[in-house]
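Here the structure is laid out as structure tokens; the discussion comes afterwards.
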Amino acid sequence: MQKLWRKTSRHRLVIVFCALAVAVYCTPLQKYVTLGRYQHYGIAIGLFGLGYLLQTIWSYKEFSTWARRAYLSTGLFSLTVGLTFFYNPWLDTKVAPQSRGNEQMRPVLMTLYLLSSLYVGAIYARWIKEENKARTGEKTDGAAVEPSSQQGV
């Protein structure tokens, strides 16, 4: 159990806020307050993003540069999606009447979020590349040291 606790140290707040977001998503908030469906989704997505943001702040010194960037970009992306859903109930056509401006804004939002998600994916790809480079660099250095030490014996 302690091994699992140590392995999750870099992800604890993300896990907690993910569980909280699932709980909020599964709770029928519309019975208690007036909310549209997308506003409900926005609250859950925003909580998920808040977990990434808080984990980045909490583990800032433990993270590498690319890990910080990946967690921060994921948190900011999720928070902006959540806030967009929450503050724009017109996204749900059953809740608010559609105006011409709203209809024109929809493709712009979709394009912005598509580009943002590609950016977040690129950061994660770079983080993975840097970690793999560090791992293979350690293995190569270790392999180079051992044969030279055996030659001297």
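Chain identifiers are assigned as A, B, and so on, following the order in which chains appear in the structure tokens; residues are numbered from 1 within each chain, and ligands are numbered from 1 in order of appearance.
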
Would you pick out the contacts of range 83-95 of chain A at 10 Å or less, using only C-alpha atoms, so that residues sharing its chain but fewer than 5 positions from it are not included, and give the list as a PDB file with C-alpha atoms, in the first residue's frame?
ATOM      1  CA  LEU A  35     -28.747  24.850 -14.632  1.00  0.00           C
ATOM      2  CA  GLY A  36     -28.565  23.830 -18.235  1.00  0.00           C
ATOM      3  CA  ARG A  37     -27.068  20.502 -19.181  1.00  0.00           C
ATOM      4  CA  TYR A  38     -23.874  22.086 -20.542  1.00  0.00           C
ATOM      5  CA  GLN A  39     -23.532  24.235 -17.429  1.00  0.00           C
ATOM      6  CA  HIS A  40     -23.629  21.032 -15.382  1.00  0.00           C
ATOM      7  CA  TYR A  41     -20.933  19.544 -17.620  1.00  0.00           C
ATOM      8  CA  GLY A  42     -18.944  22.762 -17.289  1.00  0.00           C
ATOM      9  CA  ILE A  43     -18.851  22.492 -13.506  1.00  0.00           C
ATOM     10  CA  ALA A  44     -17.543  18.912 -13.694  1.00  0.00           C
ATOM     11  CA  ILE A  45     -14.944  19.726 -16.376  1.00  0.00           C
ATOM     12  CA  GLY A  46     -13.844  22.821 -14.440  1.00  0.00           C
ATOM     13  CA  PHE A  77      -7.537  23.909 -21.107  1.00  0.00           C
ATOM     14  CA  SER A  78     -10.033  22.047 -18.918  1.00  0.00           C
ATOM     15  CA  ASN A 102     -24.370  32.488 -31.110  1.00  0.00           C
ATOM     16  CA  GLU A 103     -24.600  30.355 -34.229  1.00  0.00           C
ATOM     17  CA  MET A 105     -19.618  31.726 -32.417  1.00  0.00           C
ATOM     18  CA  ARG A 106     -20.060  27.952 -32.257  1.00  0.00           C
ATOM     19  CA  LEU A 109     -15.184  27.925 -30.287  1.00  0.00           C
TER      20      LEU A 109
END

Worksheet item: Between A:Trp127, A:Trp66, A:Phe17, A:Trp5, which is the closest to Tyr52 in chain A once you count only C-alpha atoms?
Response: A:Phe17

Item to complete: Name the residues of range 2-152 of chain A that come out as alpha helix (DSSP H) in a backbone DSSP run; write them as a VMD selection string.
Response: chain A and resid 2 to 7 12 to 26 37 to 58 65 to 87 100 to 151

Mind writing the picked residues with C-alpha atoms as a tab-separated table (two decimals), in the first residue's frame?
chain	number	residue	atom	x	y	z
A	2	GLN	CA	2.88	2.36	0.76
A	3	LYS	CA	4.34	1.67	-2.68
A	4	LEU	CA	1.07	2.71	-4.31
A	5	TRP	CA	0.93	5.80	-2.09
A	6	ARG	CA	4.43	6.85	-3.23
A	7	LYS	CA	3.68	6.16	-6.90
A	12	ARG	CA	-3.09	12.70	-5.88
A	13	LEU	CA	-4.87	16.01	-6.35
A	14	VAL	CA	-5.75	15.10	-9.94
A	15	ILE	CA	-7.25	11.81	-8.74
A	16	VAL	CA	-9.21	13.51	-5.93
A	17	PHE	CA	-10.59	16.22	-8.20
A	18	CYS	CA	-11.37	13.69	-10.91
A	19	ALA	CA	-13.43	11.73	-8.38
A	20	LEU	CA	-15.09	14.97	-7.27
A	21	ALA	CA	-15.88	15.85	-10.90
A	22	VAL	CA	-17.43	12.42	-11.47
A	23	ALA	CA	-19.51	12.87	-8.30
A	24	VAL	CA	-20.72	16.29	-9.48
A	25	TYR	CA	-21.46	14.89	-12.92
A	26	CYS	CA	-23.52	12.04	-11.46
A	37	ARG	CA	-27.07	20.50	-19.18
A	38	TYR	CA	-23.87	22.09	-20.54
A	39	GLN	CA	-23.53	24.24	-17.43
A	40	HIS	CA	-23.63	21.03	-15.38
A	41	TYR	CA	-20.93	19.54	-17.62
A	42	GLY	CA	-18.94	22.76	-17.29
A	43	ILE	CA	-18.85	22.49	-13.51
A	44	ALA	CA	-17.54	18.91	-13.69
A	45	ILE	CA	-14.94	19.73	-16.38
A	46	GLY	CA	-13.84	22.82	-14.44
A	47	LEU	CA	-13.30	20.78	-11.27
A	48	PHE	CA	-11.20	18.32	-13.25
A	49	GLY	CA	-9.07	21.18	-14.59
A	50	LEU	CA	-8.76	22.69	-11.12
A	51	GLY	CA	-7.24	19.41	-9.94
A	52	TYR	CA	-4.50	19.66	-12.57
A	53	LEU	CA	-3.84	23.29	-11.73
A	54	LEU	CA	-3.58	22.62	-7.98
A	55	GLN	CA	-1.38	19.56	-8.57
A	56	THR	CA	0.95	21.69	-10.68
A	57	ILE	CA	1.23	24.25	-7.88
A	58	TRP	CA	1.61	21.61	-5.17
A	65	THR	CA	9.87	21.58	-16.96
A	66	TRP	CA	7.83	19.59	-19.47
A	67	ALA	CA	5.73	17.97	-16.74
A	68	ARG	CA	4.88	21.43	-15.40
A	69	ARG	CA	3.93	22.64	-18.85
A	70	ALA	CA	1.83	19.54	-19.54
A	71	TYR	CA	-0.08	19.70	-16.27
A	72	LEU	CA	-0.52	23.47	-16.47
A	73	SER	CA	-1.77	23.35	-20.07
A	74	THR	CA	-4.17	20.50	-19.26
A	75	GLY	CA	-5.51	22.39	-16.26
A	76	LEU	CA	-5.95	25.66	-18.14
A	77	PHE	CA	-7.54	23.91	-21.11
A	78	SER	CA	-10.03	22.05	-18.92
A	79	LEU	CA	-10.82	25.16	-16.89
A	80	THR	CA	-11.50	27.24	-20.00
A	81	VAL	CA	-13.73	24.53	-21.44
A	82	GLY	CA	-15.59	24.30	-18.14
A	83	LEU	CA	-16.00	28.07	-17.87
A	84	THR	CA	-17.13	28.31	-21.48
A	85	PHE	CA	-19.79	25.67	-20.90
A	86	PHE	CA	-20.90	27.27	-17.64
A	87	TYR	CA	-21.14	30.88	-18.85
A	100	ARG	CA	-27.25	34.65	-35.18
A	101	GLY	CA	-24.20	35.68	-33.16
A	102	ASN	CA	-24.37	32.49	-31.11
A	103	GLU	CA	-24.60	30.35	-34.23
A	104	GLN	CA	-21.55	32.11	-35.68
A	105	MET	CA	-19.62	31.73	-32.42
A	106	ARG	CA	-20.06	27.95	-32.26
A	107	PRO	CA	-17.56	27.05	-35.09
A	108	VAL	CA	-15.06	29.58	-33.71
A	109	LEU	CA	-15.18	27.93	-30.29
A	110	MET	CA	-14.84	24.47	-31.82
A	111	THR	CA	-11.81	25.58	-33.85
A	112	LEU	CA	-10.15	27.23	-30.85
A	113	TYR	CA	-10.63	24.16	-28.69
A	114	LEU	CA	-9.42	21.84	-31.44
A	115	LEU	CA	-6.22	23.87	-31.82
A	116	SER	CA	-5.81	24.07	-28.05
A	117	SER	CA	-6.18	20.31	-27.68
A	118	LEU	CA	-3.55	19.77	-30.38
A	119	TYR	CA	-1.24	22.10	-28.45
A	120	VAL	CA	-1.82	20.14	-25.22
A	121	GLY	CA	-1.15	16.89	-27.08
A	122	ALA	CA	2.07	18.31	-28.52
A	123	ILE	CA	3.28	19.26	-25.05
A	124	TYR	CA	2.60	15.75	-23.75
A	125	ALA	CA	4.42	14.28	-26.76
A	126	ARG	CA	7.43	16.49	-26.02
A	127	TRP	CA	7.34	15.50	-22.34
A	128	ILE	CA	7.33	11.82	-23.29
A	129	LYS	CA	10.19	12.38	-25.74
A	130	GLU	CA	12.30	14.16	-23.11
A	131	GLU	CA	11.67	11.45	-20.49
A	132	ASN	CA	12.56	8.71	-22.96
A	133	LYS	CA	15.71	10.57	-23.91
A	134	ALA	CA	16.66	10.85	-20.23
A	135	ARG	CA	16.00	7.14	-19.62
A	136	THR	CA	17.98	5.94	-22.64
A	137	GLY	CA	20.76	8.36	-21.74
A	138	GLU	CA	20.99	6.80	-18.27
A	139	LYS	CA	20.99	3.27	-19.68
A	140	THR	CA	23.64	4.12	-22.26
A	141	ASP	CA	25.86	5.78	-19.66
A	142	GLY	CA	25.45	2.84	-17.29
A	143	ALA	CA	26.24	0.31	-20.03
A	144	ALA	CA	29.33	2.27	-21.08
A	145	VAL	CA	30.69	2.38	-17.53
A	146	GLU	CA	30.33	-1.33	-16.76
A	147	PRO	CA	32.38	-2.74	-19.68
A	148	SER	CA	35.23	-0.28	-19.06
A	149	SER	CA	35.35	-1.26	-15.38
A	150	GLN	CA	35.54	-4.95	-16.34
A	151	GLN	CA	38.44	-4.33	-18.74

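Note that CA of Ser99 in chain A and CA of Pro28 in chain A are 28.2 Å apart.
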
Worksheet item: What separation in Å, quoted to one decimal, exists between CA of Ser59 in chain A and CA of Thr8 in chain A?
Response: 11.8 Å
